[in-house]
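Trainee: One structure follows; several queries about it will come next.
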Amino acid sequence: MNNIIINTDVGEGTINKNIYGHFAEHLGRCIYEGIWVGEDSSISNTKGIRNDVLQALKNIDVPVLRWPGGCFADEYHWKDGVGPAENRKRMVNTHWGGVVENNHFGTHEFMLLCELLGTEPYICGNVGSGSVQEMSEWVEYMTFDGESPMANWRQENGQKEPWKLKYFGVGNENWGCGGNMRPEYYADLYRQYQTYCRNYGENTLYKIAGGANVDDFNWTEVLMREAAPLMDGLSLHYYVHPGGFENKGSAVDFTEDEWDITMKKALFIEELIMKHGTIMDKYDPEKRIGMIIDEWGTWFDVEKGTNPGFLYQQNTIRDAVVAGVSLNIFNNHSDRVQMANIAQTVNVLQAMILTEGEKMILTPTYHVFEMYKVHQDAEKLSLDLTSENVGNDAYPQVSASASKAKDGSINISLCNMDKAAETNVTLELRGLSTANINGRILTADEMNARNTFEAPEEVQPTKFTEFTSQENKLAITLPKMSVVTLNVK
Ligand code: AHR
């Protein structure tokens, strides 16, 4: 038996909407084909950005979008991607498949995408192979309102007004693809590079330092010790690959054991948040600096027959449950976690959307983001969960989080991580007398149920009615492998 108590009148701070953020890198078919098709494409588009993908992303209220990488960011030279498209430099995307990057999608196109989506841009600058001047000039190009070499150039390239840019990352994975640096060295570079990322006029940057890989607590310790006053956010990257990095396992052909390992590894992010958070607390007890989990999600072997450098994987109900559980954890730690960006938006890793030519499908993970968007900028509610363990006692069956929306209604999200059995949950809503309850559910019979181009609606949210209520208590039956949201008015 699982029990949940929600104190509906005990708010615990705002769940930053940016926890529901996304990440789009110049990798495989994420930007090119997935988002950008060019104005001359037969696929319906707005100034080169495909309309079906735009509309789908609008429906999940993308609050913030990280770009251009990832590892690509530390090889990207932004000046190659502005000005007339026909003059833009063609480069090799050495990190991701060695393909030609024609730079047709650059700063102006990214800013247009953000504008069309109504999303905040989060740009990651190049520390690994770029100069201080190059980074400084990018910020000047985008945000300076006045006469300067970069602002003049922006205007010549068609953008009169400066853009509003808040989130700026100073490098990516600088312990690895971003330069193989030691934390002491990167901390010094961070201090230097960020100095020249100026706040022009009203534009104030929120500067994000490149953070640790998984459980590299020393990285967090050194960055916080050496640079905390100069940063607004510190990132953390964590991917779930059941077989380890070298042998990740298939996205669709997996065993029950792999399901269990995946769930256990997904839950591990909570331990990481707490341990990195404890180090951050030592230097920043006020929690001014946000933990920015700007890459997370499942990472499996690429689909057979696809370019290994393109990281294209299918997406099943297992991915959906990982998404639901992870977002519950982020909600529950929203005092420190200020942003999270799932990797990646289209056609790469745990994608929201898959495309094939002009066809597009929405993944089970997409549906979780759509169901959970009610938590964006809502007041987190105090929640106490007691759950049974499953998977040979390896992990709890149930995950949950709750928030109060601006209209006073309460949204609760629940996951049953068990691949084998439904489970009963009693839920007490303290501080509430009568209520109108509406539920939605995403579930499937098979562990690898998924949407395909032939059957795009196999895994869809439906109405959820498996609960009874008496006064402020609910008796809920959660089917196996399910993500449920309840709206209580
Ligand atoms: O998301 C794929 C890659 O994973 C990113 O480019 C990199 O930052 C991370 O290692």
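Every chain in the structure tokens takes a letter, A first, then B, and so on in the order presented; its residues are numbered from 1, and the ligands are numbered from 1 following the presented order.
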DSSP on the backbone, strand (DSSP E) only: what residues of range 333-453 of chain A does that give? Format it as a ChimeraX atom specification.
Mentor: /A:337-343,353-356,359-362,379-386,389-390,395-396,398-404,410-416,423-430,437-443
Trainee: Do you know which residues are within 7 Å of ligand 1 using only C-alpha atoms and all ligand atoms? Can you write them as a ChimeraX atom specification?
Mentor: /A:25,69-72,172-173,295,343-344
Trainee: With only C-alpha atoms as the counted atoms, please give the residues lying no more than 8 Å from range 434-442 of chain A, apart from itself and same-chain residues fewer than 6 positions off, as a VMD selection string.
Mentor: chain A and resid 364 367 to 368 371 459 to 465 471 to 472 482 to 489
Trainee: Write out as an MDAnalysis selection string the residues lying within 10 Å of range 347-351 of chain A, counting only C-alpha atoms and excluding same-chain residues fewer than 3 positions away.
Mentor: chainID A and resid 22:25 27:35 239 251 296:302 310:316 319:320 322:323 342:344 354:356 362:366
Trainee: Counting only C-alpha atoms, which residues of range 221-330 of chain A sit at most 8 Å from some atom of range 95-109 of chain A, and what is each one's closest atom pair with its distance in Å to one decimal, listed by chain and rising residue number, as CSV?
Mentor:
```
residue,atom,partner,partner_atom,distance
A:Asn307,CA,A:Gly97,CA,7.2
A:Pro308,CA,A:Gly97,CA,7.3
A:Gly309,CA,A:Gly97,CA,4.3
A:Phe310,CA,A:Trp96,CA,6.3
```
Trainee: So the first atom is CA of Asp260 in chain A and the second is CA of Glu246 in chain A; what is the distance between them in Å, to one decimal place?
Mentor: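 CA of Glu246 in chain A lies 18.9 Å from CA of Asp260 in chain A.
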Trainee: When you look at Thr14 in chain A with a cut-off of 9 Å (counting only C-alpha atoms), what residues show up, excluding the ones that are within fewer than 2 positions of it in the same chain? I need them as JSON, numbers by chain.
Mentor: {"A": [11, 12, 16, 17, 334, 335, 376, 377, 378, 379, 380, 403]}
Trainee: If we count only C-alpha atoms and set the cut-off at 6 Å, which residues sit around Ala400 in chain A, ignoring sequence neighbours fewer than 6 positions away in its own chain? Please answer as a list in words.
Mentor: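 Residues near the query, excluding close chain neighbours: Asn328, Ser413 and Leu414 of chain A.
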Trainee: Would you mind exporting the chosen residues as a CSV table (one decimal), in the first residue's frame, restricted to N, CA, C and O atoms?
Mentor:
```csv
chain,number,residue,atom,x,y,z
A,328,ASN,N,9.1,14.9,-11.4
A,328,ASN,CA,8.6,15.0,-10.0
A,328,ASN,C,9.8,15.3,-9.1
A,328,ASN,O,9.6,16.1,-8.2
A,413,SER,N,0.9,15.0,-9.8
A,413,SER,CA,1.4,14.0,-10.8
A,413,SER,C,2.0,12.8,-10.1
A,413,SER,O,2.7,12.9,-9.1
A,414,LEU,N,1.6,11.7,-10.6
A,414,LEU,CA,1.9,10.4,-10.0
A,414,LEU,C,2.5,9.4,-11.0
A,414,LEU,O,2.0,9.4,-12.2
```
Trainee: Quick one: residues within 9 Å of Tyr283 in chain A, only C-alpha atoms, excluding same-chain residues fewer than 4 positions away - as a list in words?
Mentor: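 Counting only C-alpha atoms, the residues come to Glu221, Met224, Arg225, Ala228 and Ile279 of chain A.
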Trainee: Between CA of Asp188 in chain A and CA of Val170 in chain A, what distance in Å does the model show, to one decimal?
Mentor: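 Taking CA of Asp188 in chain A and CA of Val170 in chain A, their separation equals 11.8 Å.
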Trainee: How far is it from CA of Asp80 in chain A to CA of Gln133 in chain A, in Å with one decimal?
Mentor: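 It comes out at 15.0 Å.
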Trainee: Could you pull out the helix (DSSP H, G or I) residues of range 248-323 of chain A, going by DSSP on the backbone, and write them as number ranges by chain?
Mentor: A: 256-283, 308-310, 317-323
Trainee: My list of candidates is A:Leu429, A:Asn213, A:Leu113, A:His333. Which is closest to Asn45 in chain A when distances are computed with only C-alpha atoms?
Mentor: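 Of the candidates, the smallest distance to Asn45 in chain A is held by A:Leu113.
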Trainee: Of the residues A:Trp78, A:Tyr20, A:Trp219, A:Trp259, which is the one nearest to Trp175 in chain A, using only C-alpha atoms?
Mentor: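 Selected residue with least distance to Trp175 in chain A: A:Trp219.
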Trainee: Between A:Ile208, A:Val321, A:Leu381, A:Val398, which residue has the minimum interatomic distance to Ile410 in chain A, considering only C-alpha atoms?
Mentor: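 For Ile410 in chain A, the nearest of the candidates is A:Leu381.
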